[in-house]
Each structure stands twice: as C-alpha cells, then as structure tokens.
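Asker: Okay, so here is protein_17.cif, and as you'll see once you scroll down, it has mmCIF, C-alpha atoms and all ligand atoms.
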```
data_entry
#
loop_
_atom_site.group_PDB
_atom_site.id
_atom_site.type_symbol
_atom_site.label_atom_id
_atom_site.label_comp_id
_atom_site.auth_asym_id
_atom_site.auth_seq_id
_atom_site.Cartn_x
_atom_site.Cartn_y
_atom_site.Cartn_z
ATOM 1 C CA MET A 25 -14.296 -6.575 -14.261
ATOM 2 C CA THR A 26 -17.349 -4.651 -13.135
ATOM 3 C CA GLY A 27 -17.999 -3.312 -9.664
ATOM 4 C CA ALA A 28 -20.784 -5.861 -9.185
ATOM 5 C CA ALA A 29 -18.446 -8.695 -10.076
ATOM 6 C CA GLU A 30 -16.001 -7.792 -7.352
ATOM 7 C CA ALA A 31 -16.609 -8.811 -3.792
ATOM 8 C CA ARG A 32 -15.102 -6.261 -1.464
ATOM 9 C CA GLU A 33 -15.767 -5.908 2.207
ATOM 10 C CA THR A 34 -14.660 -3.257 4.634
ATOM 11 C CA ARG A 35 -15.220 -3.385 8.332
ATOM 12 C CA ILE A 36 -13.862 -1.522 11.292
ATOM 13 C CA SER A 37 -13.394 -3.487 14.510
ATOM 14 C CA GLU A 38 -12.407 -2.420 18.075
ATOM 15 C CA GLY A 39 -9.850 -4.254 19.615
ATOM 16 C CA SER A 40 8.778 31.202 4.854
ATOM 17 C CA GLN A 41 10.523 29.879 2.283
ATOM 18 C CA ALA A 42 8.164 29.232 -0.551
ATOM 19 C CA VAL A 43 9.125 26.386 -2.838
ATOM 20 C CA THR A 44 8.340 27.135 -6.430
ATOM 21 C CA PRO A 45 8.273 24.133 -8.714
ATOM 22 C CA PRO A 46 10.394 24.470 -11.820
ATOM 23 C CA LYS A 47 8.395 26.053 -14.612
ATOM 24 C CA THR A 48 10.015 24.086 -17.364
ATOM 25 C CA THR A 49 9.725 20.376 -17.839
ATOM 26 C CA THR A 50 12.962 18.550 -18.473
ATOM 27 C CA ALA A 51 13.781 14.894 -18.850
ATOM 28 C CA GLU A 52 15.469 14.981 -15.401
ATOM 29 C CA ASN A 53 12.578 16.311 -13.336
ATOM 30 C CA VAL A 54 9.725 14.418 -14.955
ATOM 31 C CA VAL A 55 9.228 10.911 -13.666
ATOM 32 C CA PRO A 56 6.596 8.431 -14.777
ATOM 33 C CA GLY A 57 3.520 8.320 -12.564
ATOM 34 C CA PRO A 58 2.807 5.286 -10.403
ATOM 35 C CA VAL A 59 1.997 2.184 -12.377
ATOM 36 C CA HIS A 60 -1.508 0.871 -11.672
ATOM 37 C CA GLY A 61 -2.302 -2.234 -13.630
ATOM 38 C CA ARG A 62 -1.506 -1.677 -17.260
ATOM 39 C CA ARG A 63 -2.023 2.059 -17.053
ATOM 40 C CA SER A 64 0.296 4.626 -15.563
ATOM 41 C CA ALA A 65 -0.929 7.737 -13.790
ATOM 42 C CA PRO A 66 0.110 11.021 -15.440
ATOM 43 C CA PRO A 67 3.795 11.874 -15.005
ATOM 44 C CA VAL A 68 4.620 14.034 -11.994
ATOM 45 C CA GLN A 69 7.118 16.851 -11.950
ATOM 46 C CA LYS A 70 9.635 15.908 -9.294
ATOM 47 C CA PRO A 71 11.257 18.772 -7.360
ATOM 48 C CA THR A 72 14.994 18.894 -6.867
ATOM 49 C CA ARG A 73 16.465 17.543 -3.651
ATOM 50 C CA ALA A 74 17.269 21.133 -2.562
ATOM 51 C CA GLU A 75 13.614 22.092 -3.056
ATOM 52 C CA ALA A 76 12.453 19.077 -1.047
ATOM 53 C CA GLU A 77 14.822 20.017 1.797
ATOM 54 C CA ALA A 78 13.585 23.630 1.681
ATOM 55 C CA ALA A 79 10.031 22.320 2.051
ATOM 56 C CA VAL A 80 11.054 20.439 5.202
ATOM 57 C CA ARG A 81 12.566 23.644 6.624
ATOM 58 C CA THR A 82 9.248 25.378 5.936
ATOM 59 C CA LEU A 83 7.372 22.673 7.843
ATOM 60 C CA LEU A 84 9.824 22.949 10.753
ATOM 61 C CA ARG A 85 9.020 26.654 10.965
ATOM 62 C CA TRP A 86 5.318 25.769 10.684
ATOM 63 C CA ALA A 87 5.756 23.470 13.686
ATOM 64 C CA GLY A 88 7.174 26.473 15.560
ATOM 65 C CA ASP A 89 10.855 25.567 15.630
ATOM 66 C CA ASP A 90 14.037 27.052 14.195
ATOM 67 C CA PRO A 91 15.483 24.994 11.325
ATOM 68 C CA ASN A 92 18.854 26.674 11.919
ATOM 69 C CA ARG A 93 19.312 25.418 15.464
ATOM 70 C CA GLU A 94 21.977 22.772 15.732
ATOM 71 C CA GLY A 95 19.736 19.783 16.388
ATOM 72 C CA LEU A 96 17.671 20.458 13.271
ATOM 73 C CA LEU A 97 20.435 21.269 10.780
ATOM 74 C CA GLY A 98 20.603 17.712 9.416
ATOM 75 C CA THR A 99 16.855 17.102 9.631
ATOM 76 C CA PRO A 100 15.838 18.182 6.106
ATOM 77 C CA ASP A 101 18.384 15.760 4.628
ATOM 78 C CA ARG A 102 17.176 12.956 6.935
ATOM 79 C CA VAL A 103 13.529 13.601 6.124
ATOM 80 C CA VAL A 104 14.178 13.585 2.382
ATOM 81 C CA ARG A 105 16.077 10.302 2.699
ATOM 82 C CA SER A 106 13.228 8.889 4.776
ATOM 83 C CA TYR A 107 10.786 9.888 2.051
ATOM 84 C CA GLU A 108 12.861 7.996 -0.497
ATOM 85 C CA GLU A 109 12.391 4.931 1.678
ATOM 86 C CA PHE A 110 8.723 5.478 2.584
ATOM 87 C CA PHE A 111 7.725 6.068 -1.029
ATOM 88 C CA ALA A 112 10.056 3.713 -2.891
ATOM 89 C CA GLY A 113 7.009 1.980 -4.365
ATOM 90 C CA TYR A 114 6.542 4.723 -6.964
ATOM 91 C CA GLY A 115 9.683 3.381 -8.623
ATOM 92 C CA GLU A 116 8.429 -0.218 -8.699
ATOM 93 C CA ASP A 117 6.271 -1.887 -11.301
ATOM 94 C CA PRO A 118 4.267 -4.603 -9.500
ATOM 95 C CA MET A 119 3.333 -6.258 -12.783
ATOM 96 C CA GLU A 120 6.989 -6.680 -13.635
ATOM 97 C CA LEU A 121 7.675 -8.189 -10.208
ATOM 98 C CA LEU A 122 5.132 -10.912 -10.966
ATOM 99 C CA ALA A 123 6.228 -11.484 -14.540
ATOM 100 C CA ARG A 124 8.625 -14.349 -13.818
ATOM 101 C CA THR A 125 6.429 -17.409 -13.343
ATOM 102 C CA PHE A 126 7.107 -21.144 -13.329
ATOM 103 C CA GLU A 127 5.000 -23.779 -14.963
ATOM 104 C CA GLU A 128 3.619 -26.177 -12.371
ATOM 105 C CA THR A 129 3.618 -29.507 -14.187
ATOM 106 C CA ASP A 130 2.923 -31.897 -11.291
ATOM 107 C CA GLY A 131 -0.691 -30.910 -10.981
ATOM 108 C CA TYR A 132 -0.576 -28.760 -7.835
ATOM 109 C CA ASP A 133 -4.041 -27.267 -7.833
ATOM 110 C CA GLU A 134 -4.478 -26.198 -4.226
ATOM 111 C CA MET A 135 -4.414 -22.652 -2.972
ATOM 112 C CA VAL A 136 -1.132 -20.935 -2.208
ATOM 113 C CA VAL A 137 -1.360 -18.677 0.843
ATOM 114 C CA LEU A 138 1.176 -16.161 2.106
ATOM 115 C CA LYS A 139 -0.118 -14.900 5.415
ATOM 116 C CA GLY A 140 0.996 -12.195 7.822
ATOM 117 C CA ILE A 141 2.999 -10.032 5.398
ATOM 118 C CA ARG A 142 3.811 -7.028 7.570
ATOM 119 C CA PHE A 143 3.748 -3.716 5.769
ATOM 120 C CA GLU A 144 4.234 -0.053 6.521
ATOM 121 C CA SER A 145 2.391 2.468 4.405
ATOM 122 C CA HIS A 146 1.254 6.094 4.660
ATOM 123 C CA CYS A 147 -2.251 7.412 4.415
ATOM 124 C CA GLU A 148 -2.827 9.764 1.548
ATOM 125 C CA HIS A 149 -4.968 12.101 3.634
ATOM 126 C CA HIS A 150 -2.580 12.870 6.501
ATOM 127 C CA MET A 151 0.709 11.297 5.364
ATOM 128 C CA VAL A 152 1.063 9.397 8.628
ATOM 129 C CA PRO A 153 1.764 5.662 8.960
ATOM 130 C CA ILE A 154 -0.626 2.829 8.269
ATOM 131 C CA ILE A 155 0.867 -0.315 9.772
ATOM 132 C CA GLY A 156 -0.537 -3.764 9.277
ATOM 133 C CA LYS A 157 -0.482 -7.178 7.727
ATOM 134 C CA ALA A 158 -1.605 -8.492 4.377
ATOM 135 C CA HIS A 159 -2.707 -12.056 3.676
ATOM 136 C CA VAL A 160 -2.521 -13.049 0.025
ATOM 137 C CA ALA A 161 -3.734 -16.231 -1.661
ATOM 138 C CA TYR A 162 -4.226 -17.496 -5.162
ATOM 139 C CA LEU A 163 -5.413 -20.671 -6.790
ATOM 140 C CA PRO A 164 -2.906 -21.470 -9.537
ATOM 141 C CA ARG A 165 -3.925 -22.214 -13.091
ATOM 142 C CA LYS A 166 -0.794 -24.074 -14.224
ATOM 143 C CA ARG A 167 1.608 -21.217 -13.483
ATOM 144 C CA VAL A 168 3.013 -20.341 -10.071
ATOM 145 C CA VAL A 169 5.085 -17.373 -9.007
ATOM 146 C CA GLY A 170 8.091 -17.172 -6.669
ATOM 147 C CA ILE A 171 6.468 -16.710 -3.266
ATOM 148 C CA SER A 172 8.598 -13.680 -2.336
ATOM 149 C CA LYS A 173 7.097 -11.851 -5.295
ATOM 150 C CA LEU A 174 3.712 -11.731 -3.553
ATOM 151 C CA ALA A 175 5.360 -9.958 -0.629
ATOM 152 C CA ARG A 176 7.184 -7.655 -3.058
ATOM 153 C CA VAL A 177 3.877 -6.672 -4.670
ATOM 154 C CA VAL A 178 2.490 -5.799 -1.227
ATOM 155 C CA GLU A 179 5.614 -3.682 -0.630
ATOM 156 C CA ALA A 180 5.385 -1.934 -3.998
ATOM 157 C CA TYR A 181 1.853 -0.750 -3.254
ATOM 158 C CA ALA A 182 2.410 -0.091 0.447
ATOM 159 C CA LYS A 183 5.367 2.183 -0.222
ATOM 160 C CA ARG A 184 3.081 4.780 -1.767
ATOM 161 C CA LEU A 185 0.468 7.141 -0.395
ATOM 162 C CA GLN A 186 -2.568 4.954 0.058
ATOM 163 C CA ILE A 187 -6.021 4.331 1.312
ATOM 164 C CA GLN A 188 -6.402 0.773 2.490
ATOM 165 C CA GLU A 189 -9.262 -0.131 0.170
ATOM 166 C CA LYS A 190 -7.266 0.911 -2.896
ATOM 167 C CA MET A 191 -4.151 -0.925 -1.771
ATOM 168 C CA THR A 192 -6.145 -4.118 -1.163
ATOM 169 C CA ALA A 193 -7.713 -3.949 -4.616
ATOM 170 C CA GLN A 194 -4.422 -3.118 -6.340
ATOM 171 C CA ILE A 195 -2.649 -6.134 -4.846
ATOM 172 C CA ALA A 196 -5.450 -8.498 -5.870
ATOM 173 C CA ASN A 197 -5.898 -7.025 -9.318
ATOM 174 C CA SER A 198 -2.183 -7.208 -10.176
ATOM 175 C CA ILE A 199 -1.969 -10.878 -9.232
ATOM 176 C CA ASP A 200 -5.159 -11.612 -11.137
ATOM 177 C CA GLU A 201 -3.979 -9.799 -14.225
ATOM 178 C CA VAL A 202 -0.478 -11.258 -14.460
ATOM 179 C CA LEU A 203 -0.945 -14.839 -13.213
ATOM 180 C CA GLN A 204 -4.517 -15.266 -14.466
ATOM 181 C CA PRO A 205 -5.170 -17.787 -11.683
ATOM 182 C CA LEU A 206 -8.470 -19.468 -10.848
ATOM 183 C CA GLY A 207 -8.885 -17.010 -7.999
ATOM 184 C CA VAL A 208 -7.188 -14.414 -5.814
ATOM 185 C CA ALA A 209 -7.900 -13.392 -2.222
ATOM 186 C CA VAL A 210 -6.381 -10.492 -0.331
ATOM 187 C CA VAL A 211 -7.175 -9.497 3.251
ATOM 188 C CA VAL A 212 -5.489 -6.450 4.764
ATOM 189 C CA GLU A 213 -5.711 -5.524 8.441
ATOM 190 C CA ALA A 214 -4.096 -2.328 9.629
ATOM 191 C CA THR A 215 -4.026 0.438 12.177
ATOM 192 C CA HIS A 216 -4.130 3.996 10.894
ATOM 193 C CA GLN A 217 -2.099 6.397 12.967
ATOM 194 C CA CYS A 218 -4.266 9.236 11.713
ATOM 195 C CA MET A 219 -6.961 7.667 13.905
ATOM 196 C CA THR A 220 -4.765 6.675 16.846
ATOM 197 C CA THR A 221 -2.269 9.535 17.339
ATOM 198 C CA ARG A 222 -4.383 12.447 16.118
ATOM 199 C CA GLY A 223 -7.970 13.328 15.175
ATOM 200 C CA VAL A 224 -10.413 10.972 16.842
ATOM 201 C CA HIS A 225 -7.648 9.274 18.966
ATOM 202 C CA LYS A 226 -8.954 5.716 19.034
ATOM 203 C CA PRO A 227 -6.072 3.322 19.758
ATOM 204 C CA GLY A 228 -6.678 -0.390 19.208
ATOM 205 C CA VAL A 229 -8.953 0.087 16.218
ATOM 206 C CA THR A 230 -8.139 -2.103 13.245
ATOM 207 C CA MET A 231 -9.416 -1.649 9.722
ATOM 208 C CA VAL A 232 -9.970 -4.860 7.783
ATOM 209 C CA THR A 233 -10.436 -4.872 4.021
ATOM 210 C CA SER A 234 -10.685 -7.739 1.574
ATOM 211 C CA ARG A 235 -10.858 -8.410 -2.110
ATOM 212 C CA MET A 236 -11.983 -11.794 -3.404
ATOM 213 C CA LEU A 237 -11.803 -12.683 -7.064
ATOM 214 C CA GLY A 238 -12.687 -15.800 -9.082
ATOM 215 C CA ALA A 239 -13.093 -18.972 -7.023
ATOM 216 C CA PHE A 240 -12.640 -17.080 -3.739
ATOM 217 C CA ARG A 241 -15.611 -14.917 -4.650
ATOM 218 C CA ASP A 242 -17.823 -17.566 -6.239
ATOM 219 C CA ASP A 243 -17.171 -20.606 -4.077
ATOM 220 C CA ASP A 244 -18.027 -20.422 -0.359
ATOM 221 C CA LYS A 245 -15.899 -23.461 0.481
ATOM 222 C CA THR A 246 -12.756 -21.981 -1.098
ATOM 223 C CA ARG A 247 -13.321 -18.650 0.610
ATOM 224 C CA ARG A 248 -13.949 -20.296 3.977
ATOM 225 C CA GLU A 249 -10.814 -22.426 3.618
ATOM 226 C CA PHE A 250 -8.750 -19.287 2.987
ATOM 227 C CA LEU A 251 -10.312 -17.392 5.879
ATOM 228 C CA SER A 252 -9.724 -20.274 8.260
ATOM 229 C CA MET A 253 -6.095 -20.539 7.117
ATOM 230 C CA ILE A 254 -5.428 -16.891 7.960
ATOM 231 C CA GLY A 255 -7.369 -17.085 11.246
ATOM 232 C CA ASN A 256 -9.397 -14.263 12.689
ATOM 233 C CA PRO A 257 -7.633 -11.263 11.066
ATOM 234 C CA SER A 258 -8.013 -8.592 13.706
ATOM 235 C CA SER A 259 -7.096 -10.947 16.562
ATOM 236 C CA SER A 260 -3.567 -11.330 15.128
ATOM 237 C CA MET A 261 -2.865 -7.593 15.165
ATOM 238 C CA GLU A 262 -0.384 -6.082 17.541
ATOM 239 C CA ALA A 263 -1.838 -3.423 19.831
HETATM 240 N N1 LIG B 1 -11.842 4.752 3.902
HETATM 241 C C1 LIG B 1 -10.642 5.106 4.371
HETATM 242 N N2 LIG B 1 -10.521 6.223 5.098
HETATM 243 C C2 LIG B 1 -9.294 6.544 5.564
HETATM 244 C C3 LIG B 1 -8.158 5.789 5.313
HETATM 245 N N3 LIG B 1 -7.104 6.386 5.918
HETATM 246 C C4 LIG B 1 -7.601 7.480 6.521
HETATM 247 N N4 LIG B 1 -8.933 7.593 6.312
HETATM 248 C C5 LIG B 1 -9.909 8.596 6.737
HETATM 249 O O1 LIG B 1 -9.903 9.681 5.838
HETATM 250 C C6 LIG B 1 -10.743 10.667 6.414
HETATM 251 C C7 LIG B 1 -10.324 12.048 6.009
HETATM 252 O O2 LIG B 1 -11.350 12.863 6.510
HETATM 253 P P1 LIG B 1 -11.336 14.456 6.508
HETATM 254 O O3 LIG B 1 -12.578 14.915 7.202
HETATM 255 O O4 LIG B 1 -11.092 14.950 5.119
HETATM 256 O O5 LIG B 1 -10.028 14.788 7.346
HETATM 257 P P2 LIG B 1 -9.881 15.218 8.876
HETATM 258 O O6 LIG B 1 -10.568 16.533 9.114
HETATM 259 O O7 LIG B 1 -8.411 15.184 9.187
HETATM 260 O O8 LIG B 1 -10.681 14.069 9.629
HETATM 261 P P3 LIG B 1 -10.411 13.323 11.023
HETATM 262 O O9 LIG B 1 -9.408 12.246 10.756
HETATM 263 O O10 LIG B 1 -11.749 12.763 11.388
HETATM 264 O O11 LIG B 1 -9.886 14.338 12.004
HETATM 265 C C8 LIG B 1 -10.705 10.394 7.901
HETATM 266 O O12 LIG B 1 -11.995 9.968 8.275
HETATM 267 C C9 LIG B 1 -9.704 9.260 8.052
HETATM 268 O O13 LIG B 1 -10.007 8.402 9.129
HETATM 269 C C10 LIG B 1 -8.316 4.612 4.521
HETATM 270 O O14 LIG B 1 -7.382 3.873 4.235
HETATM 271 N N5 LIG B 1 -9.574 4.316 4.074
HETATM 272 ZN ZN ZN B 2 -5.154 9.525 7.417
#
```
For this file, write the structure as structure tokens.
Ligand SMILES: Nc1nc2c(ncn2[C@@H]2O[C@H](COP(=O)(O)OP(=O)(O)OP(=O)(O)O)[C@@H](O)[C@H]2O)c(=O)[nH]1
Ligand SMILES: [Zn+2]

Answerer:
Amino acid sequence: MTGAAEARETRISEGSQAVTPPKTTTAENVVPGPVHGRRSAPPVQKPTRAEAEAAVRTLLRWAGDDPNREGLLGTPDRVVRSYEEFFAGYGEDPMELLARTFEETDGYDEMVVLKGIRFESHCEHHMVPIIGKAHVAYLPRKRVVGISKLARVVEAYAKRLQIQEKMTAQIANSIDEVLQPLGVAVVVEATHQCMTTRGVHKPGVTMVTSRMLGAFRDDDKTRREFLSMIGNPSSSMEA
C-alpha cells in the first residue's frame, strides 16, 4: 500500500553508577525485536534485571535523591516490575492474536465496530503516559474475528513506546493484513502527558488520529456511518 493510497488524518483539538551492557551476545539476553506486520525489528540486547535496577538507582540520584534511604530501597524493583507491565506489548505478536477467525456463513456484511477501547501507552520521546481511547471497525469479507482480539491488538501496540500516528497505523494495518476485510477504520484520541504535565503544559488538549483503509477510505457513506457510530471523538474524552 502506497502513502497516497492511505488516508490518514491528524488533528489537535482544545478541549553514578554507570550501566554497561553486556559485551557478549547470548541466547538469554537477546530478545526478538517488536513485531510490526510481517517484519520484526532487529533484535535488542536486553539488560539483566540487576542492570535495569541499577539504572533506576542512577535516575533517582539524577532526580536529586538518595536511593539508599529507606523509602526508596524497594523502588528499583517496583519500577522494573512496572516496566514489565507498561511494555508487555514487545512480547506480543498482534498478527497471531488475530489469527483465529471464524467463517461468517449467514451473510453478515455490515461493519463491526468496537468503540471506546481505553488504552495506556508511553510516548517514545519522553517515556511518559499517553492515555486515550481507540475506536476500531472493519467490514468483514466472510471471516470475522473474536471481538476481544481487536482490543488485544490495541493493547499489544499500546504497551510499547509509541507515537500516536504509528500506533494508529499499526492497528489498522494488522487487521487489514490478517483479516483481509473490505475495509478497516481506526480512530485514536488521546492526551499526551508530555504536553500536559511538562513542556508546554496544555491540559485538556486531545490528539486525534485516524487511519481509513478500503471501503472506509473510498466510500464516503461507509466512513460517515463509522464516524457517526463513534460520535464526536474528542467530546468523549475525560479531562
Ligand atoms: N506527532 C507526534 N508528536 C508527539 C507525540 N508524542 C509526543 N510528541 C511530540 O514530540 C515532540 C518532541 O519534540 P522535541 O523538541 O524533540 O522535544 P522537547 O524539547 O521535549 O519538546 P517539548 O515537548 O516541546 O518540550 C514534542 O513536540 C511532543 O509534543 C505523538 O504521538 N505524535
Ligand atoms: Zn512525549
């Protein structure tokens, strides 16, 4: 699919303990890179848990605090466990999540919409939360997928370091590639804490991104039906 063939819209609306990575590569510390479509990113060399905890202690000192004071002793362990949760998506293969489909033999040919899928992600520039909702629709071509799998695909991409445009495209492209439906639509609306709690400090700003493929891109009526089903995206955001 070429760039011209993809309709994508983005709008913003109001409303010293150095950690040295291991020099040798072993089967234990090399993990496959994130899976994007059919291709995987290059493998990354994963540090040990002790190295990750040492990095947290370094950041605590960078913040100006003493990692050895009582209240902070358990913090490196907690942060590393939090990271396992925040970034669990690197261990998921979204294509595999969608692989189990069911043949729809009774002629259901209307769009399937899963709206308001709340997600928590982290921006790849500042590593602070992006919190929002995704609305996902597809127009089946004989095969349908278990509806929870659409939410799982959102999760698999959200639980990685992201920019919103990329996440929106990845969700749509995965569904398109595996289900080969007549069309896919994804709208993502989110607040970026790198804009609200730091930097420009603009609370209440929502970023809305969309990716329309197939019938949702080519047919105004289908696209309008989807957009009216999800309502006015930014108006449904929490402050
Ligand atoms: N397009 C896009 N930009 C994002 C996203 N998340 C964060 N950003 C922006 O990424 C940009 C990074 O800009 P830089 O100038 O490199 O970083 P910075 O000095 O921290 O910039 P400020 O955030 O303006 O303080 C900022 O403008 C962020 O608002 C996203 O999902 N999509
Ligand atoms: Zn950011």

Asker: Throw together the list of residues within 8 Å of ligand LIG 1 (chain B), counting only C-alpha atoms and all ligand atoms, and drop it here as number ranges by chain.

Answerer: A: 147-150, 154, 186-190, 216, 218-219, 222-224

Asker: Could you list, as a list in words, every residue matched by the PyMOL selection byres (((chain A and resi 119-136) around 8) and not hetatm) in this structure?

Answerer: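 This file, filtered by the PyMOL selection byres (((chain A and resi 119-136) around 8) and not hetatm), leaves Gly61, Asp117, Pro118, Val137, Leu138, Ala161, Tyr162, Leu163, Pro164, Arg165, Lys166, Arg167, Val168, Val169, Gly170, Lys173, Leu174, Arg176, Val177, Ser198, Ile199, Val202 and Leu203 of chain A.
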
Asker: I need the chosen residues saved as a tab-separated table (two decimals), in the coordinates of the input, with C-alpha atoms.

Answerer:
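Printed below is result-v8.tsv as written:
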```
chain	number	residue	atom	x	y	z
A	61	GLY	CA	-2.30	-2.23	-13.63
A	117	ASP	CA	6.27	-1.89	-11.30
A	118	PRO	CA	4.27	-4.60	-9.50
A	137	VAL	CA	-1.36	-18.68	0.84
A	138	LEU	CA	1.18	-16.16	2.11
A	161	ALA	CA	-3.73	-16.23	-1.66
A	162	TYR	CA	-4.23	-17.50	-5.16
A	163	LEU	CA	-5.41	-20.67	-6.79
A	164	PRO	CA	-2.91	-21.47	-9.54
A	165	ARG	CA	-3.92	-22.21	-13.09
A	166	LYS	CA	-0.79	-24.07	-14.22
A	167	ARG	CA	1.61	-21.22	-13.48
A	168	VAL	CA	3.01	-20.34	-10.07
A	169	VAL	CA	5.08	-17.37	-9.01
A	170	GLY	CA	8.09	-17.17	-6.67
A	173	LYS	CA	7.10	-11.85	-5.30
A	174	LEU	CA	3.71	-11.73	-3.55
A	176	ARG	CA	7.18	-7.66	-3.06
A	177	VAL	CA	3.88	-6.67	-4.67
A	198	SER	CA	-2.18	-7.21	-10.18
A	199	ILE	CA	-1.97	-10.88	-9.23
A	202	VAL	CA	-0.48	-11.26	-14.46
A	203	LEU	CA	-0.94	-14.84	-13.21
```

Asker: Pick out the closest residue to ligand ZN 2 (chain B) from this set: A:Met151, A:Ala196, A:Ala74, A:Val80. Count only C-alpha atoms and all ligand atoms.

Answerer: A:Met151

Asker: Using all atoms listed in the file, which of A:Met253, A:Ile195, A:Val152, A:Met231 sits nearest ligand ZN 2 (chain B)?

Answerer: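 The answer is A:Val152, which sits nearest to ligand ZN 2 (chain B).
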
Asker: When distances are computed from only C-alpha atoms and all ligand atoms, which of A:Thr233, A:Thr99, A:Thr220, A:Asn92 shows the smallest separation from ligand ZN 2 (chain B)?

Answerer: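 For ligand ZN 2 (chain B), the nearest of the candidates is A:Thr220.
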
Asker: Using only C-alpha atoms, pick whichever of A:Val212, A:Val178, A:Leu206, A:Leu185 has the shortest atom-to-atom distance to Gly238 of chain A.

Answerer: A:Leu206

Asker: Between atom CA of Ser234 of chain A and atom CA of Ala209 of chain A, what distance in Å does the model show, to one decimal?

Answerer: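 So the two atoms, atom CA of Ser234 of chain A and atom CA of Ala209 of chain A, lie 7.4 Å apart.
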
Asker: Could you state the separation of atom CA of Ala112 of chain A and atom CA of Ser145 of chain A in Å, given to one decimal place?

Answerer: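 Interatomic distance here is 10.7 Å.
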